[in-house]
$ cat input_1.cif   # mmCIF, N, CA and C atoms
data_input
loop_
_atom_site.label_atom_id
_atom_site.label_comp_id
_atom_site.auth_asym_id
_atom_site.auth_seq_id
_atom_site.Cartn_x
_atom_site.Cartn_y
_atom_site.Cartn_z
N MET A 1 15.64 -21.30 32.50
CA MET A 1 14.55 -21.18 33.45
C MET A 1 14.49 -22.41 34.36
N GLU A 2 14.74 -23.58 33.78
CA GLU A 2 14.67 -24.81 34.54
C GLU A 2 15.71 -24.85 35.66
N GLY A 3 16.92 -24.33 35.41
CA GLY A 3 17.98 -24.31 36.41
C GLY A 3 17.64 -23.40 37.58
N SER A 4 17.04 -22.23 37.28
CA SER A 4 16.71 -21.31 38.37
C SER A 4 15.57 -21.86 39.22
N LEU A 5 14.66 -22.61 38.62
CA LEU A 5 13.58 -23.24 39.38
C LEU A 5 14.15 -24.30 40.32
N LYS A 6 15.15 -25.03 39.84
CA LYS A 6 15.80 -26.05 40.65
C LYS A 6 16.49 -25.41 41.86
N VAL A 7 17.19 -24.30 41.63
CA VAL A 7 17.87 -23.59 42.71
C VAL A 7 16.85 -23.07 43.71
N LEU A 8 15.75 -22.53 43.23
CA LEU A 8 14.70 -22.01 44.11
C LEU A 8 14.13 -23.14 44.98
N CYS A 9 13.88 -24.29 44.40
CA CYS A 9 13.36 -25.44 45.16
C CYS A 9 14.35 -25.88 46.25
N ILE A 10 15.63 -25.88 45.93
CA ILE A 10 16.65 -26.26 46.90
C ILE A 10 16.68 -25.26 48.05
N LEU A 11 16.61 -23.96 47.73
CA LEU A 11 16.61 -22.94 48.78
C LEU A 11 15.39 -23.07 49.69
N VAL A 12 14.24 -23.31 49.12
CA VAL A 12 13.02 -23.49 49.91
C VAL A 12 13.17 -24.70 50.82
N LEU A 13 13.71 -25.77 50.31
CA LEU A 13 13.92 -26.99 51.10
C LEU A 13 14.88 -26.71 52.27
N LEU A 14 15.96 -25.97 52.02
CA LEU A 14 16.91 -25.65 53.08
C LEU A 14 16.26 -24.80 54.17
N VAL A 15 15.41 -23.87 53.78
CA VAL A 15 14.72 -23.04 54.76
C VAL A 15 13.78 -23.89 55.60
N ILE A 16 13.06 -24.80 54.97
CA ILE A 16 12.14 -25.68 55.70
C ILE A 16 12.90 -26.58 56.65
N VAL A 17 13.98 -27.18 56.20
CA VAL A 17 14.78 -28.06 57.05
C VAL A 17 15.36 -27.28 58.21
N GLY A 18 15.88 -26.08 57.95
CA GLY A 18 16.44 -25.24 59.01
C GLY A 18 15.40 -24.88 60.05
N THR A 19 14.18 -24.61 59.62
CA THR A 19 13.10 -24.26 60.54
C THR A 19 12.68 -25.47 61.36
N VAL A 20 12.58 -26.62 60.75
CA VAL A 20 12.17 -27.83 61.45
C VAL A 20 13.22 -28.25 62.47
N ASN A 21 14.49 -28.09 62.12
CA ASN A 21 15.57 -28.48 63.02
C ASN A 21 15.85 -27.46 64.11
N GLY A 22 15.10 -26.38 64.14
CA GLY A 22 15.30 -25.37 65.16
C GLY A 22 16.58 -24.59 64.98
N ALA A 23 16.91 -24.27 63.76
CA ALA A 23 18.16 -23.58 63.47
C ALA A 23 18.01 -22.07 63.63
N GLY A 24 17.44 -21.64 64.76
CA GLY A 24 17.34 -20.21 65.04
C GLY A 24 18.65 -19.71 65.60
N PRO A 25 18.71 -18.45 66.00
CA PRO A 25 19.97 -17.90 66.50
C PRO A 25 20.47 -18.60 67.76
N CYS A 26 19.57 -19.25 68.51
CA CYS A 26 19.96 -19.94 69.75
C CYS A 26 19.79 -21.45 69.63
N GLY A 27 19.88 -21.97 68.43
CA GLY A 27 19.72 -23.41 68.23
C GLY A 27 18.29 -23.84 68.46
N LYS A 28 18.09 -24.83 69.30
CA LYS A 28 16.75 -25.36 69.53
C LYS A 28 15.96 -24.55 70.55
N SER A 29 16.63 -23.70 71.32
CA SER A 29 15.94 -22.82 72.27
C SER A 29 15.55 -21.53 71.56
N THR A 30 14.49 -20.91 72.04
CA THR A 30 14.12 -19.60 71.50
C THR A 30 14.86 -18.53 72.30
N PRO A 31 15.05 -17.35 71.73
CA PRO A 31 15.66 -16.27 72.49
C PRO A 31 14.89 -15.96 73.78
N ASP A 32 13.56 -16.08 73.75
CA ASP A 32 12.77 -15.83 74.95
C ASP A 32 13.06 -16.88 76.03
N GLU A 33 13.24 -18.13 75.64
CA GLU A 33 13.58 -19.17 76.61
C GLU A 33 14.95 -18.91 77.22
N GLU A 34 15.90 -18.52 76.39
CA GLU A 34 17.25 -18.21 76.89
C GLU A 34 17.23 -16.98 77.79
N ALA A 35 16.37 -16.02 77.47
CA ALA A 35 16.28 -14.80 78.29
C ALA A 35 15.88 -15.14 79.72
N MET A 36 15.07 -16.16 79.90
CA MET A 36 14.65 -16.56 81.24
C MET A 36 15.84 -16.99 82.09
N SER A 37 16.86 -17.56 81.44
CA SER A 37 18.04 -18.02 82.20
C SER A 37 18.91 -16.85 82.65
N LEU A 38 18.60 -15.65 82.16
CA LEU A 38 19.39 -14.47 82.53
C LEU A 38 18.77 -13.68 83.68
N ALA A 39 17.88 -14.31 84.43
CA ALA A 39 17.26 -13.64 85.58
C ALA A 39 18.30 -13.05 86.54
N PRO A 40 19.44 -13.72 86.77
CA PRO A 40 20.44 -13.14 87.68
C PRO A 40 21.03 -11.82 87.15
N CYS A 41 20.76 -11.50 85.90
CA CYS A 41 21.32 -10.30 85.28
C CYS A 41 20.33 -9.13 85.27
N ALA A 42 19.15 -9.32 85.85
CA ALA A 42 18.09 -8.31 85.72
C ALA A 42 18.54 -6.92 86.13
N THR A 43 19.13 -6.78 87.29
CA THR A 43 19.54 -5.46 87.76
C THR A 43 20.69 -4.92 86.92
N ALA A 44 21.66 -5.75 86.61
CA ALA A 44 22.82 -5.33 85.83
C ALA A 44 22.43 -4.92 84.40
N ALA A 45 21.31 -5.45 83.90
CA ALA A 45 20.86 -5.13 82.55
C ALA A 45 20.03 -3.85 82.51
N GLN A 46 19.75 -3.29 83.68
CA GLN A 46 18.97 -2.06 83.76
C GLN A 46 19.78 -0.89 84.29
N ASP A 47 20.86 -1.18 85.00
CA ASP A 47 21.65 -0.14 85.67
C ASP A 47 23.14 -0.38 85.40
N ILE A 48 23.74 0.52 84.67
CA ILE A 48 25.15 0.38 84.29
C ILE A 48 26.07 0.36 85.51
N ASN A 49 25.62 0.92 86.63
CA ASN A 49 26.45 0.97 87.84
C ASN A 49 26.23 -0.22 88.77
N ALA A 50 25.27 -1.09 88.44
CA ALA A 50 24.99 -2.25 89.29
C ALA A 50 26.10 -3.29 89.14
N ALA A 51 26.39 -3.96 90.22
CA ALA A 51 27.36 -5.06 90.18
C ALA A 51 26.80 -6.20 89.35
N VAL A 52 27.68 -6.89 88.65
CA VAL A 52 27.29 -8.06 87.85
C VAL A 52 27.68 -9.30 88.65
N SER A 53 26.68 -10.13 88.97
CA SER A 53 26.95 -11.32 89.79
C SER A 53 27.69 -12.39 89.00
N SER A 54 28.33 -13.28 89.71
CA SER A 54 29.04 -14.38 89.05
C SER A 54 28.06 -15.30 88.33
N SER A 55 26.84 -15.48 88.88
CA SER A 55 25.85 -16.34 88.19
C SER A 55 25.39 -15.68 86.90
N CYS A 56 25.29 -14.35 86.89
CA CYS A 56 24.96 -13.64 85.66
C CYS A 56 26.07 -13.85 84.64
N CYS A 57 27.30 -13.64 85.05
CA CYS A 57 28.44 -13.80 84.13
C CYS A 57 28.50 -15.22 83.56
N SER A 58 28.19 -16.21 84.37
CA SER A 58 28.20 -17.60 83.91
C SER A 58 27.18 -17.81 82.79
N GLN A 59 25.98 -17.29 82.99
CA GLN A 59 24.93 -17.45 81.98
C GLN A 59 25.26 -16.67 80.71
N VAL A 60 25.76 -15.45 80.86
CA VAL A 60 26.12 -14.64 79.70
C VAL A 60 27.26 -15.29 78.93
N LYS A 61 28.20 -15.89 79.65
CA LYS A 61 29.31 -16.58 78.98
C LYS A 61 28.80 -17.75 78.15
N ARG A 62 27.86 -18.50 78.72
CA ARG A 62 27.29 -19.65 78.00
C ARG A 62 26.56 -19.18 76.74
N ILE A 63 25.68 -18.21 76.89
CA ILE A 63 24.90 -17.72 75.74
C ILE A 63 25.79 -16.96 74.77
N GLY A 64 26.75 -16.20 75.31
CA GLY A 64 27.61 -15.36 74.49
C GLY A 64 28.59 -16.10 73.60
N GLN A 65 28.69 -17.42 73.76
CA GLN A 65 29.53 -18.19 72.84
C GLN A 65 28.99 -18.10 71.43
N ASN A 66 27.71 -17.73 71.32
CA ASN A 66 27.08 -17.50 70.03
C ASN A 66 26.58 -16.05 70.04
N PRO A 67 27.35 -15.10 69.49
CA PRO A 67 26.96 -13.70 69.56
C PRO A 67 25.58 -13.40 68.98
N SER A 68 25.17 -14.11 67.94
CA SER A 68 23.84 -13.85 67.37
C SER A 68 22.75 -14.27 68.34
N CYS A 69 22.99 -15.31 69.14
CA CYS A 69 22.02 -15.72 70.16
C CYS A 69 21.97 -14.67 71.27
N LEU A 70 23.14 -14.23 71.74
CA LEU A 70 23.18 -13.21 72.79
C LEU A 70 22.43 -11.96 72.34
N CYS A 71 22.63 -11.56 71.12
CA CYS A 71 21.95 -10.40 70.57
C CYS A 71 20.44 -10.63 70.55
N ALA A 72 20.02 -11.78 70.05
CA ALA A 72 18.58 -12.09 69.98
C ALA A 72 17.95 -12.12 71.36
N VAL A 73 18.68 -12.64 72.34
CA VAL A 73 18.18 -12.71 73.72
C VAL A 73 18.02 -11.30 74.29
N MET A 74 19.03 -10.46 74.12
CA MET A 74 18.99 -9.11 74.68
C MET A 74 17.89 -8.25 74.05
N LEU A 75 17.51 -8.58 72.81
CA LEU A 75 16.47 -7.82 72.11
C LEU A 75 15.13 -8.55 72.11
N SER A 76 15.05 -9.68 72.82
CA SER A 76 13.83 -10.49 72.83
C SER A 76 12.68 -9.79 73.54
N LYS A 77 11.49 -10.27 73.27
CA LYS A 77 10.29 -9.73 73.91
C LYS A 77 10.37 -9.90 75.43
N THR A 78 10.84 -11.05 75.87
CA THR A 78 10.97 -11.31 77.31
C THR A 78 11.91 -10.29 77.96
N ALA A 79 13.04 -10.04 77.33
CA ALA A 79 14.00 -9.09 77.89
C ALA A 79 13.42 -7.68 77.92
N THR A 80 12.83 -7.25 76.83
CA THR A 80 12.33 -5.87 76.78
C THR A 80 11.14 -5.65 77.70
N THR A 81 10.26 -6.65 77.83
CA THR A 81 9.13 -6.48 78.75
C THR A 81 9.56 -6.57 80.21
N SER A 82 10.76 -7.11 80.45
CA SER A 82 11.30 -7.19 81.80
C SER A 82 12.04 -5.91 82.20
N GLY A 83 12.09 -4.96 81.28
CA GLY A 83 12.75 -3.69 81.57
C GLY A 83 14.23 -3.65 81.25
N VAL A 84 14.71 -4.63 80.49
CA VAL A 84 16.12 -4.66 80.11
C VAL A 84 16.40 -3.51 79.15
N ASN A 85 17.47 -2.80 79.41
CA ASN A 85 17.95 -1.75 78.51
C ASN A 85 19.02 -2.42 77.64
N PRO A 86 18.73 -2.64 76.34
CA PRO A 86 19.68 -3.39 75.50
C PRO A 86 21.09 -2.81 75.50
N GLU A 87 21.20 -1.50 75.47
CA GLU A 87 22.53 -0.89 75.45
C GLU A 87 23.30 -1.23 76.72
N ILE A 88 22.64 -1.21 77.86
CA ILE A 88 23.29 -1.56 79.13
C ILE A 88 23.53 -3.07 79.20
N ALA A 89 22.55 -3.85 78.77
CA ALA A 89 22.67 -5.31 78.81
C ALA A 89 23.86 -5.79 77.98
N LEU A 90 24.06 -5.17 76.84
CA LEU A 90 25.16 -5.59 75.97
C LEU A 90 26.53 -5.22 76.54
N SER A 91 26.55 -4.43 77.60
CA SER A 91 27.82 -4.10 78.25
C SER A 91 28.21 -5.17 79.28
N ILE A 92 27.30 -6.10 79.57
CA ILE A 92 27.58 -7.10 80.60
C ILE A 92 28.82 -7.96 80.28
N PRO A 93 29.01 -8.44 79.05
CA PRO A 93 30.24 -9.23 78.80
C PRO A 93 31.51 -8.45 79.15
N LYS A 94 31.53 -7.16 78.86
CA LYS A 94 32.69 -6.34 79.21
C LYS A 94 32.79 -6.18 80.72
N ARG A 95 31.66 -5.98 81.38
CA ARG A 95 31.64 -5.82 82.83
C ARG A 95 32.02 -7.11 83.54
N CYS A 96 31.83 -8.25 82.88
CA CYS A 96 32.26 -9.54 83.43
C CYS A 96 33.74 -9.81 83.13
N ASN A 97 34.37 -8.88 82.42
CA ASN A 97 35.80 -8.98 82.06
C ASN A 97 36.11 -10.18 81.17
N PHE A 98 35.20 -10.49 80.24
CA PHE A 98 35.46 -11.59 79.30
C PHE A 98 36.48 -11.12 78.26
N ALA A 99 37.58 -11.82 78.16
CA ALA A 99 38.62 -11.47 77.20
C ALA A 99 38.18 -11.76 75.76
N ASN A 100 37.42 -12.82 75.57
CA ASN A 100 37.04 -13.25 74.22
C ASN A 100 35.64 -12.81 73.83
N ARG A 101 35.22 -11.65 74.27
CA ARG A 101 33.89 -11.16 73.89
C ARG A 101 33.95 -10.61 72.47
N PRO A 102 32.81 -10.62 71.78
CA PRO A 102 32.78 -10.17 70.38
C PRO A 102 32.70 -8.64 70.28
N VAL A 103 33.79 -7.96 70.60
CA VAL A 103 33.84 -6.50 70.55
C VAL A 103 33.50 -6.02 69.14
N GLY A 104 32.60 -5.05 69.07
CA GLY A 104 32.22 -4.48 67.78
C GLY A 104 31.10 -5.23 67.07
N TYR A 105 30.61 -6.31 67.66
CA TYR A 105 29.53 -7.08 67.04
C TYR A 105 28.27 -6.22 66.98
N LYS A 106 27.67 -6.12 65.81
CA LYS A 106 26.45 -5.31 65.63
C LYS A 106 25.25 -6.12 66.08
N CYS A 107 24.46 -5.51 66.94
CA CYS A 107 23.26 -6.15 67.49
C CYS A 107 22.11 -5.16 67.28
N GLY A 108 21.43 -5.28 66.16
CA GLY A 108 20.41 -4.30 65.81
C GLY A 108 21.08 -2.93 65.75
N PRO A 109 20.52 -1.94 66.42
CA PRO A 109 21.13 -0.61 66.38
C PRO A 109 22.28 -0.44 67.38
N TYR A 110 22.63 -1.50 68.10
CA TYR A 110 23.65 -1.45 69.15
C TYR A 110 24.92 -2.17 68.71
N THR A 111 26.03 -1.82 69.35
CA THR A 111 27.31 -2.48 69.10
C THR A 111 27.88 -2.93 70.43
N LEU A 112 28.33 -4.17 70.49
CA LEU A 112 28.93 -4.69 71.72
C LEU A 112 30.23 -3.94 72.02
N PRO A 113 30.34 -3.43 73.26
CA PRO A 113 31.56 -2.70 73.62
C PRO A 113 32.71 -3.65 73.91
#

$ encode --input "input_1.cif" --output "structure tokens"
Amino acid sequence: MEGSLKVLCILVLLVIVGTVNGAGPCGKSTPDEEAMSLAPCATAAQDINAAVSSSCCSQVKRIGQNPSCLCAVMLSKTATTSGVNPEIALSIPKRCNFANRPVGYKCGPYTLP
């Protein structure tokens, strides 16, 4: 019993340290803060036929280096209240022709194409 209590205390400590250090999916930024940087992608995230601007691709490339952050941003409250369609938004890395995109990455009920 004493060993399992020790393990539990260590796990709780790791969770607290991770929370204090801002170890969320986007590091020290919140997904909502990162979503604000994707303003150039607004139209492309709502319309599959819209052109994707180079400034949008630049921001998606930066955020997309961490697929869990990109996923959290696309599903964030800021993105959804802005009218972002997650399924269309997750197609942006492909539409930007990124060779190293995380194809098949599961993002909630969606999969990156």

$ resolve_selection --input "input_1.cif" --expression "the PyMOL selection byres (((chain A and resi 40 and name CA) around 10) and name CA)" --output "VMD selection string"
chain A and resid 36 to 39 41 to 45 52 to 60

$ atom_distance --input "input_1.cif" --atom1 "atom C of A:Cys96" --atom2 "atom N of A:Ile48"
14.5 Å

$ atom_distance --input "input_1.cif" --atom1 "atom N of A:Asp47" --atom2 "atom C of A:Thr30"
22.3 Å

$ closest_residue --input "input_1.cif" --among "A:Ser91, A:Thr111, A:Thr78, A:Asn97" --to "A:Glu34" --atoms "only C-alpha atoms"
A:Thr78

$ closest_residue --input "input_1.cif" --among "A:Gln65, A:Arg95, A:Gly83, A:Ser76" --to "A:Ala51" --atoms "all atoms listed in the file"
A:Arg95

$ atom_distance --input "input_1.cif" --atom1 "atom C of A:Gly24" --atom2 "atom C of A:Ser68"
7.3 Å

$ closest_residue --input "input_1.cif" --among "A:Val103, A:Ser82, A:Pro113, A:Val73" --to "A:Glu33" --atoms "only N, CA and C atoms"
A:Val73

$ axis_aligned_box --input "input_1.cif" --around "stretch 45-64 of chain A" --padding-each-side "6 Å" --output "JSON"
{"center_x": 24.1, "center_y": -9.3, "center_z": 81.9, "size_x": 22.3, "size_y": 32.6, "size_z": 28.6}

$ residues_around --input "input_1.cif" --residues "A:Leu90" --least-positions-apart "3" --cutoff "7 Å" --atoms "all atoms listed in the file" --output "PyMOL selection string"
chain A and resi 45+74+85-87+93-94+111-113

$ select_by_dssp --input "input_1.cif" --residues "chain A" --states "strand (DSSP E)" --output "number ranges by chain"
A: 106-107, 110-111

$ closest_residue --input "input_1.cif" --among "A:Gln46, A:Pro67, A:Cys26, A:Gly108" --to "A:Ala89" --atoms "only C-alpha atoms"
A:Gln46

$ decode --input "input_1.cif" --residues "stretch 81-106 of chain A" --atoms "N, CA, C and O atoms" --output "short mmCIF file (atom, residue, chain, number, x, y, z; two decimals), in the first residue's frame"
data_model
loop_
_atom_site.label_atom_id
_atom_site.label_comp_id
_atom_site.auth_asym_id
_atom_site.auth_seq_id
_atom_site.Cartn_x
_atom_site.Cartn_y
_atom_site.Cartn_z
N THR A 81 -16.41 29.45 -32.60
CA THR A 81 -17.30 30.62 -32.57
C THR A 81 -17.03 31.56 -33.74
O THR A 81 -17.88 32.38 -34.07
N SER A 82 -15.88 31.40 -34.39
CA SER A 82 -15.56 32.21 -35.57
C SER A 82 -16.11 31.59 -36.85
O SER A 82 -15.89 32.12 -37.93
N GLY A 83 -16.77 30.45 -36.72
CA GLY A 83 -17.36 29.81 -37.89
C GLY A 83 -16.45 28.84 -38.61
O GLY A 83 -16.75 28.41 -39.72
N VAL A 84 -15.35 28.45 -37.97
CA VAL A 84 -14.42 27.50 -38.57
C VAL A 84 -15.09 26.13 -38.65
O VAL A 84 -15.68 25.67 -37.68
N ASN A 85 -14.99 25.51 -39.80
CA ASN A 85 -15.46 24.13 -39.98
C ASN A 85 -14.22 23.25 -39.77
O ASN A 85 -13.32 23.27 -40.61
N PRO A 86 -14.16 22.50 -38.66
CA PRO A 86 -12.94 21.74 -38.36
C PRO A 86 -12.51 20.80 -39.48
O PRO A 86 -11.33 20.68 -39.77
N GLU A 87 -13.46 20.16 -40.12
CA GLU A 87 -13.10 19.23 -41.20
C GLU A 87 -12.42 19.97 -42.35
O GLU A 87 -11.43 19.51 -42.91
N ILE A 88 -12.92 21.15 -42.69
CA ILE A 88 -12.31 21.96 -43.76
C ILE A 88 -10.99 22.55 -43.27
O ILE A 88 -9.99 22.55 -43.99
N ALA A 89 -10.97 23.04 -42.04
CA ALA A 89 -9.76 23.65 -41.49
C ALA A 89 -8.60 22.66 -41.46
O ALA A 89 -7.45 23.02 -41.76
N LEU A 90 -8.89 21.42 -41.13
CA LEU A 90 -7.83 20.42 -41.05
C LEU A 90 -7.29 20.03 -42.43
O LEU A 90 -6.27 19.37 -42.53
N SER A 91 -7.96 20.48 -43.48
CA SER A 91 -7.45 20.23 -44.84
C SER A 91 -6.43 21.29 -45.27
O SER A 91 -5.78 21.14 -46.30
N ILE A 92 -6.29 22.35 -44.48
CA ILE A 92 -5.39 23.44 -44.87
C ILE A 92 -3.93 22.98 -45.04
O ILE A 92 -3.30 23.36 -46.02
N PRO A 93 -3.37 22.16 -44.14
CA PRO A 93 -1.98 21.73 -44.38
C PRO A 93 -1.81 21.04 -45.74
O PRO A 93 -0.82 21.27 -46.44
N LYS A 94 -2.78 20.25 -46.14
CA LYS A 94 -2.72 19.59 -47.45
C LYS A 94 -2.86 20.63 -48.57
O LYS A 94 -2.13 20.58 -49.56
N ARG A 95 -3.76 21.58 -48.38
CA ARG A 95 -3.98 22.62 -49.38
C ARG A 95 -2.77 23.55 -49.49
O ARG A 95 -2.57 24.21 -50.52
N CYS A 96 -1.97 23.63 -48.44
CA CYS A 96 -0.72 24.41 -48.48
C CYS A 96 0.43 23.59 -49.08
O CYS A 96 1.55 24.08 -49.19
N ASN A 97 0.14 22.34 -49.43
CA ASN A 97 1.12 21.43 -50.03
C ASN A 97 2.30 21.13 -49.11
O ASN A 97 3.44 21.03 -49.57
N PHE A 98 2.03 20.99 -47.81
CA PHE A 98 3.09 20.63 -46.86
C PHE A 98 3.42 19.15 -47.03
O PHE A 98 2.55 18.30 -46.87
N ALA A 99 4.66 18.85 -47.33
CA ALA A 99 5.09 17.46 -47.51
C ALA A 99 5.12 16.71 -46.18
O ALA A 99 4.83 15.53 -46.13
N ASN A 100 5.48 17.40 -45.11
CA ASN A 100 5.65 16.74 -43.80
C ASN A 100 4.45 16.92 -42.89
O ASN A 100 4.61 17.03 -41.69
N ARG A 101 3.26 16.95 -43.43
CA ARG A 101 2.08 17.09 -42.59
C ARG A 101 1.76 15.74 -41.95
O ARG A 101 2.10 14.69 -42.50
N PRO A 102 1.10 15.76 -40.80
CA PRO A 102 0.80 14.51 -40.08
C PRO A 102 -0.44 13.80 -40.65
O PRO A 102 -1.50 13.78 -40.05
N VAL A 103 -0.30 13.23 -41.83
CA VAL A 103 -1.41 12.53 -42.49
C VAL A 103 -1.92 11.41 -41.58
O VAL A 103 -1.14 10.65 -41.02
N GLY A 104 -3.23 11.36 -41.41
CA GLY A 104 -3.84 10.32 -40.60
C GLY A 104 -3.92 10.64 -39.12
O GLY A 104 -4.45 9.85 -38.34
N TYR A 105 -3.41 11.80 -38.71
CA TYR A 105 -3.46 12.18 -37.29
C TYR A 105 -4.91 12.37 -36.87
O TYR A 105 -5.66 13.07 -37.53
N LYS A 106 -5.30 11.72 -35.79
CA LYS A 106 -6.68 11.82 -35.28
C LYS A 106 -6.82 13.09 -34.46
O LYS A 106 -6.05 13.36 -33.56
#
